[in-house]
file structure.txt (compact mmCIF, C-alpha atoms)
# COMPACT_ATOMS: atom_id res chain seq x y z
CA MET J 23 -9.31 9.62 -8.07
CA PRO J 24 -10.52 11.11 -11.34
CA ASP J 25 -9.49 9.59 -14.64
CA ARG J 26 -8.10 12.59 -16.46
CA PRO J 27 -8.80 12.30 -20.18
CA ALA J 28 -5.87 12.76 -22.54
CA PRO J 29 -5.86 16.00 -24.55
CA LEU J 30 -7.60 15.74 -27.90
CA GLY J 31 -5.38 13.89 -30.37
CA PHE J 32 -3.06 12.47 -27.67
CA PRO J 33 -3.12 8.93 -26.23
CA ALA J 34 -3.61 8.34 -22.51
CA PRO J 35 -0.32 8.09 -20.58
CA LEU J 36 1.37 4.71 -20.27
CA GLY J 37 2.33 2.75 -17.19
CA LEU J 38 5.67 0.94 -17.17
CA TYR J 39 6.14 -2.25 -15.15
CA VAL J 40 9.68 -3.58 -14.57
CA HIS J 41 10.04 -7.08 -13.13
CA TRP J 42 13.02 -8.10 -11.01
CA PRO J 43 12.62 -11.85 -10.49
CA PHE J 44 15.11 -12.57 -7.70
CA CYS J 45 14.53 -13.08 -3.97
CA LEU J 46 16.73 -14.15 -1.07
CA SER J 47 14.21 -16.90 -0.30
CA LYS J 48 10.83 -18.06 -1.60
CA CYS J 49 7.91 -17.25 0.70
CA PRO J 50 5.61 -20.27 1.18
CA TYR J 51 2.47 -18.38 0.06
CA CYS J 52 4.01 -16.76 -3.04
CA ASP J 53 3.07 -17.81 -6.56
CA PHE J 54 4.71 -14.82 -8.25
CA ASN J 55 7.51 -15.23 -10.77
CA SER J 56 10.29 -15.15 -8.16
CA HIS J 57 13.50 -17.17 -8.02
CA VAL J 58 16.42 -17.69 -5.65
CA ARG J 59 19.86 -17.47 -7.25
CA ASP J 60 23.31 -17.58 -5.61
CA ARG J 61 24.68 -14.99 -7.98
CA VAL J 62 23.22 -12.29 -10.25
CA ASP J 63 25.22 -10.46 -12.91
CA HIS J 64 23.80 -6.98 -12.34
CA THR J 65 25.56 -5.49 -15.35
CA ALA J 66 24.05 -8.08 -17.69
CA TRP J 67 20.62 -7.57 -16.20
CA ARG J 68 20.85 -3.80 -16.46
CA ASP J 69 21.79 -4.04 -20.13
CA ALA J 70 18.96 -6.50 -20.83
CA LEU J 71 16.28 -4.40 -19.12
CA LEU J 72 17.39 -1.35 -21.08
CA ALA J 73 17.44 -3.29 -24.36
CA GLU J 74 13.92 -4.58 -23.84
CA MET J 75 12.76 -1.06 -22.99
CA ASP J 76 14.28 0.18 -26.23
CA HIS J 77 12.31 -2.47 -28.11
CA ALA J 78 9.08 -1.52 -26.32
CA ALA J 79 9.59 2.14 -27.16
CA SER J 80 9.95 1.27 -30.84
CA GLN J 81 6.38 -0.11 -30.68
CA THR J 82 4.67 2.55 -28.59
CA GLY J 83 6.20 5.70 -29.98
CA SER J 84 6.82 8.74 -27.81
CA ARG J 85 3.72 8.62 -25.63
CA PRO J 86 3.73 10.23 -22.18
CA PHE J 87 4.08 7.92 -19.19
CA ALA J 88 2.38 8.29 -15.82
CA SER J 89 4.19 5.72 -13.70
CA ILE J 90 6.95 3.18 -13.30
CA PHE J 91 6.56 0.24 -10.96
CA PHE J 92 9.51 -1.97 -10.01
CA GLY J 93 7.93 -5.25 -8.91
CA GLY J 94 9.10 -8.78 -8.27
CA GLY J 95 10.58 -10.79 -6.79
CA THR J 96 12.39 -8.31 -4.57
CA PRO J 97 13.33 -5.13 -6.47
CA SER J 98 15.08 -3.70 -3.41
CA LEU J 99 17.81 -6.28 -4.17
CA MET J 100 18.54 -4.37 -7.38
CA ASP J 101 21.60 -2.22 -7.74
CA PRO J 102 20.38 1.40 -7.33
CA ASP J 103 22.43 2.28 -10.41
CA THR J 104 20.29 -0.16 -12.41
CA VAL J 105 17.11 1.45 -11.09
CA GLY J 106 18.45 4.87 -12.04
CA ALA J 107 19.44 3.68 -15.51
CA VAL J 108 15.95 2.28 -16.14
CA ILE J 109 14.31 5.50 -15.00
CA ASP J 110 16.65 7.61 -17.14
CA ARG J 111 16.01 5.43 -20.20
CA ALA J 112 12.25 5.65 -19.67
CA ARG J 113 12.47 9.44 -19.57
CA LYS J 114 14.52 9.35 -22.78
CA HIS J 115 11.86 7.33 -24.64
CA TRP J 116 8.63 8.72 -23.17
CA PRO J 117 7.89 12.20 -21.76
CA ALA J 118 6.99 11.93 -18.08
CA GLU J 119 3.77 13.34 -16.68
CA PRO J 120 4.40 16.21 -14.23
CA ASP J 121 3.23 14.07 -11.29
CA VAL J 122 4.92 10.85 -12.45
CA GLU J 123 4.87 8.14 -9.80
CA ILE J 124 7.90 5.83 -9.54
CA THR J 125 7.35 2.98 -7.08
CA LEU J 126 9.76 0.29 -5.91
CA GLU J 127 8.70 -2.76 -3.91
CA ALA J 128 10.97 -3.51 -0.96
CA ASN J 129 11.38 -5.98 1.85
CA PRO J 130 11.79 -4.31 5.24
CA THR J 131 15.08 -5.92 6.22
CA SER J 132 17.72 -3.52 7.51
CA ALA J 133 20.09 -4.31 4.63
CA GLU J 134 17.54 -3.29 2.03
CA ALA J 135 16.25 -0.29 3.99
CA ASN J 136 19.80 1.06 4.08
CA LYS J 137 19.58 1.42 0.28
CA PHE J 138 16.52 3.69 0.41
CA ALA J 139 18.50 6.93 0.06
CA ALA J 140 20.26 5.56 -3.02
CA PHE J 141 16.94 4.53 -4.57
CA ALA J 142 15.55 8.01 -3.90
CA ASP J 143 18.61 9.57 -5.53
CA ALA J 144 18.00 7.29 -8.53
CA GLY J 145 14.51 8.77 -8.98
CA VAL J 146 12.18 6.55 -6.93
CA ASN J 147 9.52 8.66 -5.20
CA ARG J 148 7.33 5.95 -3.67
CA VAL J 149 8.15 2.68 -1.94
CA SER J 150 5.85 -0.27 -1.19
CA LEU J 151 6.99 -2.41 1.73
CA GLY J 152 6.16 -6.10 2.18
CA VAL J 153 5.57 -5.94 5.94
CA GLN J 154 2.78 -8.60 5.87
CA SER J 155 2.30 -8.72 9.66
CA LEU J 156 3.27 -7.10 12.94
CA ARG J 157 3.01 -10.40 14.87
CA PRO J 158 6.19 -12.50 15.38
CA GLY J 159 4.41 -15.84 15.01
CA ALA J 160 2.72 -14.75 11.79
CA LEU J 161 5.98 -13.47 10.29
CA SER J 162 7.61 -16.82 11.00
CA PHE J 163 4.66 -18.72 9.53
CA LEU J 164 4.75 -16.53 6.40
CA GLY J 165 8.45 -17.19 5.91
CA ARG J 166 9.48 -13.55 6.25
CA GLN J 167 13.10 -12.63 6.98
CA HIS J 168 12.32 -9.59 9.12
CA ASP J 169 10.78 -9.12 12.55
CA ALA J 170 8.17 -6.54 13.54
CA ASP J 171 10.74 -4.06 14.88
CA GLN J 172 12.70 -4.18 11.62
CA ALA J 173 9.48 -3.72 9.67
CA LEU J 174 8.44 -0.63 11.59
CA ALA J 175 11.97 0.78 11.41
CA ALA J 176 11.91 0.35 7.64
CA VAL J 177 8.50 2.06 7.44
CA GLU J 178 9.85 5.00 9.44
CA MET J 179 12.93 5.19 7.20
CA ALA J 180 10.68 5.15 4.14
CA ALA J 181 8.66 8.01 5.61
CA ARG J 182 11.84 10.06 6.03
CA THR J 183 13.17 9.23 2.56
CA PHE J 184 10.27 9.21 0.10
CA PRO J 185 7.35 11.58 -0.46
CA ARG J 186 4.96 8.61 -0.43
CA HIS J 187 5.05 5.07 0.88
CA SER J 188 2.74 2.13 1.45
CA PHE J 189 2.97 -1.28 3.05
CA ASP J 190 1.18 -4.62 2.85
CA LEU J 191 -0.54 -6.73 5.48
CA ILE J 192 -2.00 -10.24 5.18
CA TYR J 193 -5.10 -11.32 7.15
CA ALA J 194 -7.19 -14.48 7.58
CA ARG J 195 -4.16 -16.36 8.80
CA PRO J 196 -4.57 -19.71 10.60
CA GLU J 197 -5.85 -19.30 14.16
CA GLN J 198 -6.02 -15.51 13.81
CA SER J 199 -8.88 -13.94 15.72
CA LEU J 200 -10.96 -10.97 14.63
CA GLU J 201 -10.00 -9.15 17.84
CA ASP J 202 -6.28 -9.58 17.19
CA TRP J 203 -6.67 -8.47 13.56
CA ARG J 204 -8.50 -5.34 14.69
CA ALA J 205 -5.70 -4.59 17.15
CA GLU J 206 -2.96 -5.26 14.57
CA LEU J 207 -4.67 -3.05 12.00
CA THR J 208 -5.13 -0.27 14.54
CA GLU J 209 -1.45 -0.51 15.47
CA ALA J 210 -0.47 -0.36 11.79
CA LEU J 211 -2.41 2.88 11.34
CA ASP J 212 0.10 4.66 13.58
CA HIS J 213 2.66 4.13 10.80
CA VAL J 214 0.59 4.65 7.66
CA ASN J 215 1.22 7.49 5.23
CA GLY J 216 -1.97 7.60 3.18
CA HIS J 217 -1.98 4.11 1.64
CA LEU J 218 -2.27 0.52 2.84
CA SER J 219 -2.63 -2.77 0.93
CA ILE J 220 -4.56 -5.53 2.71
CA TYR J 221 -4.62 -9.05 1.29
CA GLN J 222 -6.50 -12.12 2.40
CA LEU J 223 -4.24 -15.15 2.68
CA THR J 224 -5.03 -17.37 -0.29
CA ILE J 225 -3.66 -20.83 -0.95
CA GLU J 226 -2.26 -20.84 -4.47
CA PRO J 227 -1.40 -23.99 -6.47
CA GLY J 228 2.30 -24.65 -6.77
CA THR J 229 3.21 -23.00 -3.46
CA ALA J 230 4.57 -24.65 -0.31
CA PHE J 231 1.40 -23.58 1.49
CA HIS J 232 -0.70 -25.44 -1.07
CA THR J 233 1.02 -28.70 -0.14
CA ASP J 234 0.88 -28.02 3.61
CA HIS J 235 -2.78 -27.04 3.46
CA ARG J 236 -3.69 -30.12 1.43
CA LEU J 237 -1.90 -32.32 3.98
CA GLY J 238 -3.84 -30.72 6.82
CA ARG J 239 -0.89 -29.03 8.46
CA PHE J 240 -2.91 -25.85 8.94
CA LYS J 241 -6.41 -24.55 8.29
CA THR J 242 -7.55 -21.21 6.95
CA PRO J 243 -10.77 -19.45 8.01
CA ASP J 244 -13.96 -20.56 6.31
CA GLU J 245 -15.84 -18.26 3.94
CA GLU J 246 -18.01 -16.77 6.67
CA LYS J 247 -15.09 -15.87 8.92
CA ALA J 248 -13.05 -14.57 5.97
CA ALA J 249 -15.96 -12.23 5.20
CA ALA J 250 -15.91 -11.08 8.82
CA PHE J 251 -12.22 -10.24 8.52
CA PHE J 252 -13.02 -8.23 5.39
CA ASP J 253 -15.80 -6.37 7.24
CA VAL J 254 -13.49 -5.50 10.15
CA THR J 255 -10.91 -4.20 7.68
CA GLN J 256 -13.44 -1.92 6.00
CA GLU J 257 -14.77 -0.67 9.33
CA VAL J 258 -11.38 0.19 10.84
CA LEU J 259 -9.90 1.81 7.75
CA GLU J 260 -12.99 3.76 6.76
CA ALA J 261 -13.09 5.19 10.28
CA ALA J 262 -9.45 6.22 9.81
CA GLY J 263 -10.29 8.09 6.59
CA MET J 264 -8.81 5.41 4.33
CA PRO J 265 -11.72 3.82 2.46
CA GLY J 266 -11.14 0.89 0.15
CA TYR J 267 -10.76 2.21 -3.39
CA GLU J 268 -10.02 -1.30 -4.70
CA VAL J 269 -10.68 -4.80 -3.36
CA SER J 270 -7.35 -4.98 -1.53
CA ASN J 271 -6.23 -1.36 -1.35
CA HIS J 272 -7.11 1.53 0.94
CA ALA J 273 -6.02 5.15 0.72
CA VAL J 274 -6.67 8.66 1.86
CA PRO J 275 -8.42 10.20 -1.17
CA GLY J 276 -5.72 11.40 -3.57
CA GLN J 277 -3.12 8.88 -2.34
CA GLU J 278 -4.20 5.94 -4.50
CA SER J 279 -1.53 4.02 -6.39
CA ARG J 280 -1.40 5.79 -9.73
CA HIS J 281 0.37 2.90 -11.40
CA ASN J 282 -2.17 0.32 -10.32
CA MET J 283 -4.97 2.62 -11.44
CA VAL J 284 -3.53 2.29 -14.95
CA TYR J 285 -4.24 -1.46 -14.72
CA TRP J 286 -7.65 -1.18 -13.13
CA ARG J 287 -8.85 1.48 -15.56
CA TYR J 288 -7.56 -0.70 -18.39
CA ARG J 289 -5.11 1.80 -19.81
CA ASP J 290 -2.00 0.80 -21.73
CA TYR J 291 1.04 -0.46 -19.87
CA VAL J 292 4.40 -1.87 -20.95
CA GLY J 293 5.84 -4.92 -19.17
CA ILE J 294 9.63 -5.29 -19.00
CA GLY J 295 11.51 -8.27 -17.56
CA PRO J 296 10.91 -12.01 -17.05
CA GLY J 297 7.25 -13.00 -17.10
CA ALA J 298 6.06 -9.39 -17.39
CA HIS J 299 2.71 -8.83 -19.11
CA GLY J 300 1.68 -5.78 -21.08
CA ARG J 301 -1.34 -4.30 -22.79
CA VAL J 302 -0.12 -1.92 -25.48
CA THR J 303 -1.90 -0.24 -28.37
CA VAL J 304 0.27 -0.56 -31.48
CA GLU J 305 -0.92 1.12 -34.69
CA GLY J 306 -4.45 1.35 -33.32
CA THR J 307 -4.71 -2.26 -32.09
CA LYS J 308 -4.46 -3.26 -28.44
CA ARG J 309 -2.08 -6.18 -28.02
CA ALA J 310 -1.49 -8.67 -25.21
CA GLN J 311 2.20 -9.13 -24.60
CA ARG J 312 4.05 -11.54 -22.34
CA ARG J 313 7.79 -12.03 -21.79
CA PHE J 314 9.52 -15.36 -21.20
CA ARG J 315 9.06 -16.35 -17.56
CA LEU J 316 12.30 -18.14 -16.63
CA PRO J 317 15.01 -15.55 -15.90
CA GLU J 318 17.77 -17.36 -17.78
CA LYS J 319 15.55 -17.94 -20.81
CA TRP J 320 14.48 -14.30 -20.84
CA LEU J 321 18.04 -13.04 -20.50
CA ASP J 322 19.22 -15.28 -23.34
CA GLN J 323 16.40 -14.12 -25.62
CA VAL J 324 17.10 -10.46 -24.94
CA THR J 325 20.80 -10.97 -25.57
CA ARG J 326 20.08 -12.61 -28.94
CA ALA J 327 16.98 -10.71 -30.13
CA GLY J 328 16.85 -7.45 -28.17
CA HIS J 329 13.71 -8.46 -26.28
CA GLY J 330 12.30 -11.47 -24.44
CA THR J 331 8.80 -11.53 -25.90
CA GLU J 332 7.14 -14.95 -25.86
CA GLU J 333 3.65 -13.80 -26.86
CA ASP J 334 2.41 -10.72 -28.70
CA VAL J 335 -1.13 -11.07 -30.03
CA PRO J 336 -3.96 -8.68 -30.95
CA LEU J 337 -6.95 -8.67 -28.61
CA GLU J 338 -10.42 -9.03 -30.05
CA PRO J 339 -12.96 -6.34 -29.05
CA GLN J 340 -14.96 -8.82 -26.93
CA ASP J 341 -11.81 -9.82 -25.04
CA ARG J 342 -10.85 -6.20 -24.43
CA ALA J 343 -14.27 -5.42 -23.01
CA ALA J 344 -14.16 -8.50 -20.78
CA GLU J 345 -10.73 -7.54 -19.42
CA CYS J 346 -11.89 -3.96 -18.89
CA LEU J 347 -14.88 -5.24 -16.91
CA MET J 348 -12.80 -7.63 -14.80
CA MET J 349 -10.32 -4.92 -13.89
CA GLY J 350 -12.82 -2.09 -13.46
CA LEU J 351 -15.10 -3.95 -11.07
CA ARG J 352 -12.19 -4.28 -8.64
CA LEU J 353 -12.47 -0.52 -8.10
CA THR J 354 -15.00 1.01 -5.74
CA GLU J 355 -15.67 3.61 -8.44
CA GLY J 356 -16.65 0.79 -10.82
CA VAL J 357 -16.48 0.88 -14.58
CA PRO J 358 -18.49 3.13 -16.92
CA LEU J 359 -20.38 1.26 -19.61
CA GLN J 360 -18.92 3.82 -22.01
CA ARG J 361 -15.44 2.39 -21.30
CA LEU J 362 -16.67 -1.12 -22.12
CA GLU J 363 -18.19 0.18 -25.34
CA GLU J 364 -14.94 1.96 -26.25
CA GLU J 365 -13.10 -1.33 -25.94
CA GLY J 366 -15.58 -3.77 -27.41
CA GLY J 367 -18.48 -1.94 -29.04
CA LYS J 368 -22.15 -2.11 -28.09
CA ASP J 369 -22.28 -5.88 -28.58
CA ALA J 370 -19.78 -6.32 -25.74
CA LEU J 371 -21.92 -4.58 -23.11
CA PRO J 372 -23.28 -6.79 -20.31
CA ASP J 373 -26.91 -7.93 -20.54
CA PRO J 374 -29.06 -5.21 -18.90
CA ASP J 375 -31.24 -7.89 -17.30
CA ARG J 376 -28.22 -9.45 -15.63
CA ILE J 377 -27.10 -6.06 -14.35
CA ALA J 378 -30.60 -5.43 -12.98
CA ARG J 379 -30.67 -8.81 -11.26
CA LEU J 380 -27.33 -8.19 -9.54
CA VAL J 381 -28.51 -4.73 -8.47
CA GLU J 382 -31.69 -6.25 -7.05
CA GLU J 383 -29.70 -8.87 -5.13
CA GLY J 384 -27.41 -6.20 -3.66
CA TYR J 385 -24.18 -7.13 -5.44
CA LEU J 386 -24.02 -4.21 -7.90
CA SER J 387 -24.92 -0.56 -8.02
CA PHE J 388 -25.78 1.15 -11.29
CA ALA J 389 -25.86 4.92 -11.52
CA ASP J 390 -24.87 7.55 -14.10
CA GLY J 391 -23.95 4.86 -16.59
CA THR J 392 -21.45 3.18 -14.24
CA ILE J 393 -21.67 -0.30 -12.69
CA ALA J 394 -19.86 -0.91 -9.42
CA CYS J 395 -19.70 -3.74 -6.92
CA THR J 396 -21.20 -3.19 -3.51
CA THR J 397 -19.36 -4.48 -0.42
CA GLU J 398 -21.25 -7.75 -0.78
CA GLY J 399 -20.38 -7.84 -4.47
CA ARG J 400 -16.66 -7.39 -3.78
CA LEU J 401 -16.79 -10.41 -1.48
CA ARG J 402 -18.12 -12.41 -4.45
CA LEU J 403 -16.29 -10.59 -7.20
CA ASN J 404 -15.40 -13.62 -9.31
CA SER J 405 -18.98 -14.87 -9.27
CA VAL J 406 -20.31 -11.42 -10.20
CA ILE J 407 -17.91 -11.16 -13.14
CA ASP J 408 -18.66 -14.70 -14.32
CA PHE J 409 -22.40 -13.97 -14.25
CA LEU J 410 -22.01 -10.75 -16.27
CA LEU J 411 -19.76 -12.38 -18.86
CA SER J 412 -21.69 -15.63 -19.30
call {"tool": "encode", "arguments": {"input": "structure.txt", "output": "structure tokens"}}
result
Amino acid sequence: MPDRPAPLGFPAPLGLYVHWPFCLSKCPYCDFNSHVRDRVDHTAWRDALLAEMDHAASQTGSRPFASIFFGGGTPSLMDPDTVGAVIDRARKHWPAEPDVEITLEANPTSAEANKFAAFADAGVNRVSLGVQSLRPGALSFLGRQHDADQALAAVEMAARTFPRHSFDLIYARPEQSLEDWRAELTEALDHVNGHLSIYQLTIEPGTAFHTDHRLGRFKTPDEEKAAAFFDVTQEVLEAAGMPGYEVSNHAVPGQESRHNMVYWRYRDYVGIGPGAHGRVTVEGTKRAQRRFRLPEKWLDQVTRAGHGTEEDVPLEPQDRAAECLMMGLRLTEGVPLQRLEEEGGKDALPDPDRIARLVEEGYLSFADGTIACTTEGRLRLNSVIDFLLS
């Protein structure tokens, strides 16, 4: 997916991330900023999201925007009128690119799928479904509130409602075999519309799974078997014409997530809502922004101050280059050294000897001024990045 340069004298288009922090229940593997509440005042939340967007627009100016992503939490629990109001306000502040992508994350329960038409009417043109598995035992283990039939019905409804859709699957589950994963992935391909997100189950601190895993209640595959799961994933999806364009994402060429490409190519994005992060260039300086994480704290701050910003600091050139490298190496296309130099100057470029060593060991490729991780490098991405930055 080419990175179209902005016209001379114009900044690159923004991405806009909107966080909805509420869920019906907390999944045991989830370490996202998600919360269960008995009651949500949708009017108050709509007003607060719009107010924080107004504040963000006062910093960015009238730049074009390429995407909106409603993440969470469970954004499909939002009132469609709120989604529509956010989209309308975004269009008021920033001119939309002709091919603007507006994605909403959704759980595939029947109650939420029944709102798809209303979300489409509000302006959503892409939905990302948290299917996670097509196996009943796995769905129960993962704490999901849907079964496989509901998941596939929601995928089919998404296909009828939106121009584009994607869904997620989780692999390397306890006691999962490579043969069953191959079969599950092959079955999923019958329902794919150009994009699929595939995540390895990871045990994150602070989650219910972290406690259960530490107490020995289940085991996850070792590093060697996890790598085998990754290899099977690449094999099956490449054969289906959906190569991995990022560590955890596969797409038919041209169907990549445009919003996530804003992150991975280290372009500017605004974060709205509790715990949302942003990287925004203000008066020529790229700034790291973060909103208050706790929903009630964020809502109170927005009510009093017009925004819920907890941190807003300028990024040093070296830090910008490091972030650009960390994000860019997630992509199969890699990251041009020119981009690193744009962010941090020549002094921020990785040591050529270290690049050469990683190329020699088969973890990096280096061609036409671009470094990219090989398949082996993506399996050891954190170690590769640490070596280049040390």
call {"tool": "atom_distance", "arguments": {"input": "structure.txt", "atom1": "atom CA of J:Met75", "atom2": "atom CA of J:Gly328"}}
result
9.2 Å
call {"tool": "residues_around", "arguments": {"input": "structure.txt", "residues": "J:Ser47", "least_positions_apart": "2", "cutoff": "10 Å", "atoms": "all atoms listed in the file", "output": "VMD selection string"}}
result
chain J and resid 44 to 45 49 to 50 56 to 59 95 to 96 165 to 167
call {"tool": "residues_around", "arguments": {"input": "structure.txt", "residues": "J:Arg182", "least_positions_apart": "3", "cutoff": "12 Å", "atoms": "all atoms listed in the file", "output": "NGL selection string"}}
result
:J and (135 or 138-139 or 142 or 147-149 or 175-179 or 185-187 or 213 or 215)
call {"tool": "closest_residue", "arguments": {"input": "structure.txt", "among": "J:Glu197, J:Ala118, J:Asp101, J:Arg361", "to": "J:Ser84", "atoms": "all atoms listed in the file"}}
result
J:Ala118
call {"tool": "closest_residue", "arguments": {"input": "structure.txt", "among": "J:Thr307, J:Gln172, J:Ser150, J:Thr183", "to": "J:Thr131", "atoms": "all atoms listed in the file"}}
result
J:Gln172
call {"tool": "residues_around", "arguments": {"input": "structure.txt", "residues": "stretch 239-241 of chain J", "least_positions_apart": "5", "cutoff": "9 Å", "atoms": "only C-alpha atoms", "output": "PyMOL selection string"}}
result
chain J and resi 195-197+231+233-234
call {"tool": "residues_near_point", "arguments": {"input": "structure.txt", "point": "(-27.9, -5.0, -20.9)", "cutoff": "12 Å", "atoms": "all atoms listed in the file", "output": "VMD selection string"}}
result
chain J and resid 359 362 to 363 368 to 380 388 391 393 410 to 411
call {"tool": "atom_distance", "arguments": {"input": "structure.txt", "atom1": "atom CA of J:Arg85", "atom2": "atom CA of J:Trp286"}}
result
19.5 Å
call {"tool": "residues_around", "arguments": {"input": "structure.txt", "residues": "J:Leu99", "least_positions_apart": "2", "cutoff": "10 Å", "atoms": "only C-alpha atoms", "output": "ChimeraX atom specification"}}
result
/J:42-46,94-97,101-102,127-129,133-134,137
call {"tool": "residues_near_point", "arguments": {"input": "structure.txt", "point": "(0.6, -1.8, -17.9)", "cutoff": "12 Å", "atoms": "only C-alpha atoms", "output": "JSON, numbers by chain"}}
result
{"J": [34, 35, 36, 37, 38, 39, 40, 41, 78, 87, 88, 89, 90, 91, 92, 280, 281, 282, 283, 284, 285, 286, 287, 288, 289, 290, 291, 292, 293, 294, 298, 299, 300, 301, 302, 303, 308, 309, 310, 311, 312]}
call {"tool": "closest_residue", "arguments": {"input": "structure.txt", "among": "J:Gly295, J:Gly350, J:Pro336, J:Gly228", "to": "J:Asp69", "atoms": "only C-alpha atoms"}}
result
J:Gly295
call {"tool": "atom_distance", "arguments": {"input": "structure.txt", "atom1": "atom CA of J:Pro117", "atom2": "atom CA of J:Pro86"}}
result
4.6 Å
call {"tool": "closest_residue", "arguments": {"input": "structure.txt", "among": "J:Thr325, J:Pro158, J:Glu246, J:Leu223", "to": "J:Arg402", "atoms": "only C-alpha atoms"}}
result
J:Glu246
call {"tool": "closest_residue", "arguments": {"input": "structure.txt", "among": "J:Asp212, J:Ala389, J:Asp244, J:Tyr51", "to": "J:Gln154", "atoms": "all atoms listed in the file"}}
result
J:Tyr51
call {"tool": "residues_around", "arguments": {"input": "structure.txt", "residues": "J:Glu278", "least_positions_apart": "4", "cutoff": "9 Å", "atoms": "all atoms listed in the file", "output": "list in words"}}
result
Met23, Gly216, His217, Tyr267, Asn271, His272, Ala273, Val274, Asn282 and Met283 of chain J
call {"tool": "write_last_selection", "arguments": {"input": "structure.txt", "atoms": "C-alpha atoms", "output": "PDB file, in the frame of the given file"}}
result
ATOM      1  CA  MET J  23      -9.310   9.620  -8.070  1.00  0.00           C
ATOM      2  CA  GLY J 216      -1.970   7.600   3.180  1.00  0.00           C
ATOM      3  CA  HIS J 217      -1.980   4.110   1.640  1.00  0.00           C
ATOM      4  CA  TYR J 267     -10.760   2.210  -3.390  1.00  0.00           C
ATOM      5  CA  ASN J 271      -6.230  -1.360  -1.350  1.00  0.00           C
ATOM      6  CA  HIS J 272      -7.110   1.530   0.940  1.00  0.00           C
ATOM      7  CA  ALA J 273      -6.020   5.150   0.720  1.00  0.00           C
ATOM      8  CA  VAL J 274      -6.670   8.660   1.860  1.00  0.00           C
ATOM      9  CA  ASN J 282      -2.170   0.320 -10.320  1.00  0.00           C
ATOM     10  CA  MET J 283      -4.970   2.620 -11.440  1.00  0.00           C
TER      11      MET J 283
END
call {"tool": "axis_aligned_box", "arguments": {"input": "structure.txt", "around": "stretch 51-57 of chain J", "padding_each_side": "4 Å", "output": "JSON"}}
result
{"center_x": 8.0, "center_y": -16.6, "center_z": -5.4, "size_x": 19.0, "size_y": 11.6, "size_z": 18.8}
call {"tool": "decode", "arguments": {"input": "structure.txt", "residues": "stretch 239-277 of chain J", "atoms": "C-alpha atoms", "output": "compact mmCIF listing (two decimals), in the first residue's frame"}}
result
# COMPACT_ATOMS: atom_id res chain seq x y z
CA ARG J 239 -4.25 -23.45 35.64
CA PHE J 240 -3.32 -23.58 31.95
CA LYS J 241 -0.21 -23.59 29.78
CA THR J 242 0.50 -21.76 26.56
CA PRO J 243 2.66 -23.14 23.73
CA ASP J 244 6.40 -22.75 24.10
CA GLU J 245 8.39 -20.45 21.80
CA GLU J 246 9.09 -23.16 19.24
CA LYS J 247 5.45 -24.19 18.89
CA ALA J 248 4.29 -20.56 18.84
CA ALA J 249 6.65 -20.01 15.90
CA ALA J 250 5.11 -23.02 14.18
CA PHE J 251 1.65 -21.50 14.59
CA PHE J 252 2.98 -18.28 13.04
CA ASP J 253 4.44 -20.25 10.11
CA VAL J 254 1.15 -22.07 9.47
CA THR J 255 -0.66 -18.72 9.51
CA GLN J 256 1.67 -17.24 6.91
CA GLU J 257 1.46 -20.34 4.72
CA VAL J 258 -2.34 -20.57 4.69
CA LEU J 259 -3.01 -16.87 4.20
CA GLU J 260 -0.32 -16.28 1.61
CA ALA J 261 -1.76 -19.16 -0.41
CA ALA J 262 -5.16 -17.45 -0.15
CA GLY J 263 -3.74 -14.21 -1.57
CA MET J 264 -3.69 -12.44 1.81
CA PRO J 265 -0.03 -11.95 2.73
CA GLY J 266 0.92 -10.46 6.07
CA TYR J 267 1.46 -6.73 5.61
CA GLU J 268 2.06 -6.28 9.35
CA VAL J 269 3.02 -8.64 12.17
CA SER J 270 -0.60 -9.46 13.03
CA ASN J 271 -2.52 -8.34 9.96
CA HIS J 272 -3.18 -9.90 6.57
CA ALA J 273 -4.94 -8.42 3.57
CA VAL J 274 -5.55 -8.69 -0.12
CA PRO J 275 -3.29 -5.96 -1.54
CA GLY J 276 -5.21 -2.68 -1.38
CA GLN J 277 -7.41 -3.78 1.54
